[in-house]
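Student: If you scroll down you'll find the structure; I have some questions about it.
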There are 2 protein chains.
Amino acid sequence: MEKMSDKAEPAPTASAKPTVRTISRLAGVSPSTVSRALKGDPRISEKTRAVVTALAAEHGYTPNAMARGLVTRTSGVVGIVLGDMKNPFYAELFESLHERLAAIGKYPMLLHVGGETLDSEGIKPIQQYQMDGCIIAAARLSSKAAATCATNQLPMVMINRVARIHSCTVSCDNYAGGVMAGELLIGAKHQRIAFIAGREDTSTSEDRESGLRRALRKAALDLVGWSRGHYTYEGGFAAAEELLATSRPDAIFAANDIMALGAIDAIYKRGLRIPDDISVIGFDDIRQARWRHYELTTIAQPVEAMITRALALLVERMENPDLSGESISIQGEVRLRKSARLPVELSAD
Amino acid sequence: MEKMSDKAEPAPTASAKPTVRTISRLAGVSPSTVSRALKGDPRISEKTRAVVTALAAEHGYTPNAMARGLVTRTSGVVGIVLGDMKNPFYAELFESLHERLAAIGKYPMLLHVGGETLDSEGIKPIQQYQMDGCIIAAARLSSKAAATCATNQLPMVMINRVARIHSCTVSCDNYAGGVMAGELLIGAKHQRIAFIAGREDTSTSEDRESGLRRALRKAALDLVGWSRGHYTYEGGFAAAEELLATSRPDAIFAANDIMALGAIDAIYKRGLRIPDDISVIGFDDIRQARWRHYELTTIAQPVEAMITRALALLVERMENPDLSGESISIQGEVRLRKSARLPVELSAD
DNA sequence: GAAAATTGTGCAATCGTGTGCGCTACGAGT
DNA sequence: ACTCGTAGCGCACACGATTGCACAATTTTC
């Protein structure tokens, strides 16, 4: 028996890793009291709480997240799936997302990034790490990730994508944004309007296009050109070159900013002036849209608002997993810059 | 006693979460056998291993990472501290980093992003989640993160920053890169060379400047202008405006690409031609440097190689924490584009 | 002044997995 | 026939924290 009696202090090295037991011994209380004291349980007296928190601070003790996660069954980790990071829109979104998650004590674990679909390796961590939730910010959904979330009953919110399956969604009102862009161009008396689409099978691109077409139809116009730009600068550049060569548009609406910037450079390459010869409108309002060479008129996505709502939905569902799916769409906002002619009623000012 | 005898099957809902015990019961073996079978322990016969792996696959069983982490004391999580994501360089780097980590079965958890220093909340997860390692990719080091890694004996590698403290570092050879840029400009017969610096207290900016000065000195020249651009587009723009107004340079070397792009737009704003009136050279080779309007001549950072070496260092130190610090610096590569005049010996071709 | 209510703590089980050590069974060696 | 070696597997504990319940100490109540 005495062999086991005090295995208590085997450590000559002062403090390997302080555990709850380390603190409890120093404070002369039980581990449970330490645990409760640190998380603000009201049953613990202020006196002992003070002692415990002081000791914890002194020794740099923080509860081990894995041990806690094992028993509470929540890890504090939120999985993130991101669209292409080469698009600054997602990079900026991710930065905000990280800050807002940190504010509610959650940490983001990047599961996947890039447009391609997710292999089964990529989604393993969702169950391995008992994630509390998952945020998918990508125009194209890897349906596998969504399925994994669903079978694991994991709260999931998609940003910037309208769901085909039953779940939570926060996005910019892409249709309305498309209408705005269309009305802006029509208001500036453009007649020959062309569209540059994003990647195939993305609801964002499709909805923005529908909105544009709606506005055109209302003005008894039709698209004079359509090309695909794959949501990249190079794609937008090539698409614009094609449009310029074939359909001679006097205005181009690109489904996102990166493509619009490519289109602008293609237009300049052809020796045309912006906006005198051609107007260009984008969608997103990334930082580069403000660069002096571009001064891109665009429909700004309300990124901060979208994140706010997405996290609210996620938190609700972490507390009550039985809540049903909900879709939120937030209006974008026109940012008038110099890449598009102003509507006549405004330019009168 | 019979109350506890078989608490075994309380679940009418078929499979809540399969655990090692679920599989072990189905296979008719002990949990330890399941554990060993799945991780390839040679002591388990091929027959039982086949049974176990089949059952695991059928029920979608994967070991719980938290429980495993608790006992093995390794979480499979690597902490990431990133510089400003508004700089596309870091966004691109992060994307690669994620892929390479996934390939070795590690997952990235973003601890902090952005230039500001880390508060103590931000570094908590390092010890909470028992991270296996930490990668700091930022020009400015939050020394707090480094200190936390050091006291926790956590393997840490810094990318793109030369350490002041004893640790591992992988970076581009910024000094040599500065020399290259200088020689390029001097070879093109530039006489009035100015420099746009990054943020204060960043070794990257300082080393690139030193290299430039070295090349100039060798040619008996001196800098005609110096301004700070804070590693942003707007900063580079403003810095260039100041330089143009005061020191009339015929070439500008900016400490990174984003500032160089801002400088280019400032130069055009003033009605000057590039490279006829002024050459511009950047550093990094971000995607935007290839955009048609800019065609930026720059020193490319070998991002993939840097990540390869950084992960190698990290993995070594995860296996053997006592290895000492090591610094690796990799040569950058000149990318000749159109924003800078070619050296005479090249333009003769 | 005894019983009851209240307050503050400790005990012990639990989460799911990994691992040192011991046990069984089987074939071989003498 | 007895021992020995080996292959294959299970027992039981550890990892570090949380939490329901029991319990001791103190105060309140009649």
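Naming works like this for the structure tokens: A, B, ... for the chains as they're shown, residue 1 at the start of each chain, ligands 1 onward in shown order.
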Residues of chain B within 9 Å of chain A, counting only C-alpha atoms, what are they? List them as number ranges by chain.
Tutor: B: 16-17, 62-70, 75, 77, 84-88, 91-92, 94-95, 98-99, 102, 107-114, 121-122, 124-125, 127-130, 152, 233-234, 262, 265-266, 268-269, 287-288, 291-293
Student: Dump as a list in words the residues of chain D that approach chain B to within 10 Å, counting only C-alpha atoms (C1' of nucleotides).
Tutor: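 Here they are: DA7, DG8, DC9, DG10, DC11, DA14, DC15 and DG16 of chain D.
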Student: List as a list in words the protein and nucleic acid residues near C:DT30, meaning an atom at most 12 Å away when only C-alpha atoms (C1' of nucleotides) are counted, but skip any in the same chain fewer than 5 places from it.
Tutor: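 The neighbour list is DA1, DC2, DT3 and DC4 of chain D.
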Student: Check the DSSP output for the backbone and give back, as a list in words, the residues of stretch 289-318 of chain A in strand (DSSP E or B).
Tutor: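 Result set for stretch 289-318 of chain A (strand (DSSP E or B)): Thr297, Thr298, Ile299 and Ala300 of chain A.
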Student: For the residues in the current selection, export N, CA, C and O atoms as a PDB file, in the first residue's frame.
Tutor:
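The resulting file, result.pdb, is reproduced below:
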```
ATOM      1  N   THR A 297     -17.111  50.549 -59.760  1.00  0.00           N
ATOM      2  CA  THR A 297     -18.484  50.620 -59.257  1.00  0.00           C
ATOM      3  C   THR A 297     -18.956  49.194 -59.008  1.00  0.00           C
ATOM      4  O   THR A 297     -18.776  48.322 -59.856  1.00  0.00           O
ATOM      5  N   THR A 298     -19.553  48.975 -57.853  1.00  0.00           N
ATOM      6  CA  THR A 298     -19.858  47.581 -57.504  1.00  0.00           C
ATOM      7  C   THR A 298     -20.999  47.502 -56.504  1.00  0.00           C
ATOM      8  O   THR A 298     -21.405  48.508 -55.911  1.00  0.00           O
ATOM      9  N   ILE A 299     -21.515  46.309 -56.357  1.00  0.00           N
ATOM     10  CA  ILE A 299     -22.526  46.060 -55.330  1.00  0.00           C
ATOM     11  C   ILE A 299     -21.798  45.454 -54.131  1.00  0.00           C
ATOM     12  O   ILE A 299     -21.275  44.345 -54.212  1.00  0.00           O
ATOM     13  N   ALA A 300     -21.769  46.186 -53.036  1.00  0.00           N
ATOM     14  CA  ALA A 300     -21.016  45.723 -51.872  1.00  0.00           C
ATOM     15  C   ALA A 300     -21.795  44.665 -51.108  1.00  0.00           C
ATOM     16  O   ALA A 300     -22.975  44.833 -50.816  1.00  0.00           O
TER      17      ALA A 300
END
```
Student: Can you build me a table of chain C residues sitting at most 10 Å from chain B, with the closest atom pair per residue and its distance in Å to one decimal, using only C-alpha atoms (C1' of nucleotides), sorted by chain and residue number, as JSON lines?
Tutor:
```
{"residue": "C:DC15", "atom": "C1'", "partner": "B:Ala67", "partner_atom": "CA", "distance": 8.0}
{"residue": "C:DG16", "atom": "C1'", "partner": "B:Ala67", "partner_atom": "CA", "distance": 5.0}
{"residue": "C:DT17", "atom": "C1'", "partner": "B:Arg68", "partner_atom": "CA", "distance": 4.9}
{"residue": "C:DG18", "atom": "C1'", "partner": "B:Val71", "partner_atom": "CA", "distance": 6.3}
{"residue": "C:DT19", "atom": "C1'", "partner": "B:Ser32", "partner_atom": "CA", "distance": 8.6}
```
